[in-house]
Structure formats: C-alpha cells, structure tokens
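Working notes, beginning with the structure itself.
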Amino acid sequence: MTSTPAPGTPAWWLRRTAPTATPRRGRGRPSLDTDHMVATALHLIDEHGVQAFSLRTLADALGSSTATLYRHFANKDEILALTVDLALGEADTVPPAAPASWRDVLSTMGHQLRAVLTRHPSLLPTLMDHVPVGPNALAQRERVLAALLRHGLPPALAARAFIAVGHYVIGFAVQQRESDGPPLADYYGKLDPTTHPAIAATAESLTAVNPDDEFTFGLDLLLDGLAQQADR
C-alpha cells in the first residue's frame with residue numbers, strides 16, 4: 001500500500017502538479033477557483049494566524065462549505081503548503097534591470113524574501129517544515145541560480161550561496177518574530193556587571209540596533225564571505 005506524501009514535500013508537489021492531476025470530485029455545490037481559495041486562506045492566516053485557521057473558517061469566508069473545499073484539498077496542511085508557495089511568488093528575486101553582479105542578485109533575493117516573510121510571519125512554521133519546492137519556489141530558485149551562473153559563480157558555489165542566503169533570511173525572520181526587545185533590554189540592564197561584564201558593555205547594541213540595519217549588516221557579512229570563496 002502506497003502512503004500519501006506529506007503536504008509540501010517533493011513527492012506531494014510532484015503528484016499535485018502532474019499533468020494528469022485532477023481536482024477532487026464529489027457532490028455538493030459548484031466548485032470554486034483553487035487560486036481564489038488559496039489567496040483567501042493566505043489572507044485569513046495573515047489576519048488570524050495559523051492556529052485559528054481551519055477549513056471551516058475558510059469555507060465561511062468563501063460563502064461555501066467544507067465539502068466543496070475537500071474536492072480540492074485533503075486537509076488543512078495541503079492548504080498551508082499552497083499558501084507558502086503563493087507568498088513566495090511575491091518575491092521578484094531578479095530585478096527588472098539586469099543586476100550588476102552576483103552579489104546584487106543575492107542581496108536582492110535576501111531583501112525581497114525578508115519582505116515576504118515580514119508580510120506573512122504566520123507562515124514561518126510551515127515554511128520550516130519542508131524545503132519549499134512548489135511552482136513559485138522553483139521559479140524563484142531557477143531565476144536566482146541562472147543569474148548567479150551568468151555572473152560567473154561556479155555551479156557548486158552558486159548552489160551553496162543560494163542556500164546560505166535563504167537560511168540566513170529565514171533564521172533572521174524567525175528570531176525577529178520571537179524577539180522581545182524592551183523586556184530583554186531591561187533584563188540585561190539588571191544583570192550584575194561584575195559577573196557579566198561583556199554583556200554590560202554591549203547591552204545597548206544587543207537590543208537597540210534597528211532590525212533593518214541588523215539584517216543588512218548580517219547579509220553583507222555573508223556576502224563578503226562568499227566573495228572570498230568566489231575569489232579562490
């Protein structure tokens with residue numbers, strides 16, 4: 001007996017995007033447009049969070065029924081996988097004007113991916129469950145890797161650079177979502193400077209740096225390291 005692939009995995013995407021794939025059928029109300037359903041789901045998740053989202057809430061928002069939704073999706077996890085790919089499609093990772101260098105390509109990718117995750121922070125847990133390989137994610141990966149290769153990065157370094165920047169952006173977004181700035185600064189301020197002198201000396205910088213500046217600083221450090229690898 002063949003098990004059903006988990007939503008968001010490569011096997012699941014292959015099955016869903018196969019040329020022979022057809023929507024689920026069943027009796028009930030007329031079918032709805034899948035893209036509209038996923039877009040509505042993304043809006044609900046942005047507004048209320050993943051935990052509050054369900055097929056029932058989506059059906060209510062669409063003025064439909066859960067039976068209609070089950071023609072298209074087996075469960076909530078399938079919708080979540082599709083909303084992640086829809087959100088990733090918002091990142092135009094290669095700007096209209098040709099980037100001047102591979103560094104510009106990766107910088108654009110990093111900032112635009114962060115912008116997507118900032119708009120849709122509730123999707124982060126789902127995004128971290130699987131490597132994103134839906135149609136939009138693949139298109140993004142193809143555009144970036146092709147641009148990196150055009151600018152002279154060897155294939156192996158282009159791949160590692162893409163992965164490294166992606167991991168940095170996602171990690172930063174997760175940390176930023178879970179950070180608690182003012183209470184943390186207050187906590188550092190109450191530590192005994194005789195037992196934590198280094199923290200006392202850097203406490204303000206640890207908590208007062210603008211997130212945009214902090215992100216750009218870290219991304220530039222990563223790109224500087226990749227430049228050293230490319231020069232070799």
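For the structure tokens, the naming scheme is as follows: chains receive sequential letters (A, B, ...) according to their order of presentation, residues are indexed from 1 within each chain, and ligands are indexed from 1 in presentation order.
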
* **Close residues, A:Pro121 itself excluded, 12 Å, only C-alpha atoms, min 6 positions apart in chain, as a VMD selection string** => chain A and resid 42 to 43 45 to 50 84 87 113 to 115 127 to 128 170 172 to 178

* To do: For A:Val38, please output as a PyMOL selection string all residues within 12 Å (counting only C-alpha atoms; exclusion window: fewer than 4 positions along the same chain).
  => chain A and resi 32-34+42-45+55+58-59+61-62+69+72-73+76-87
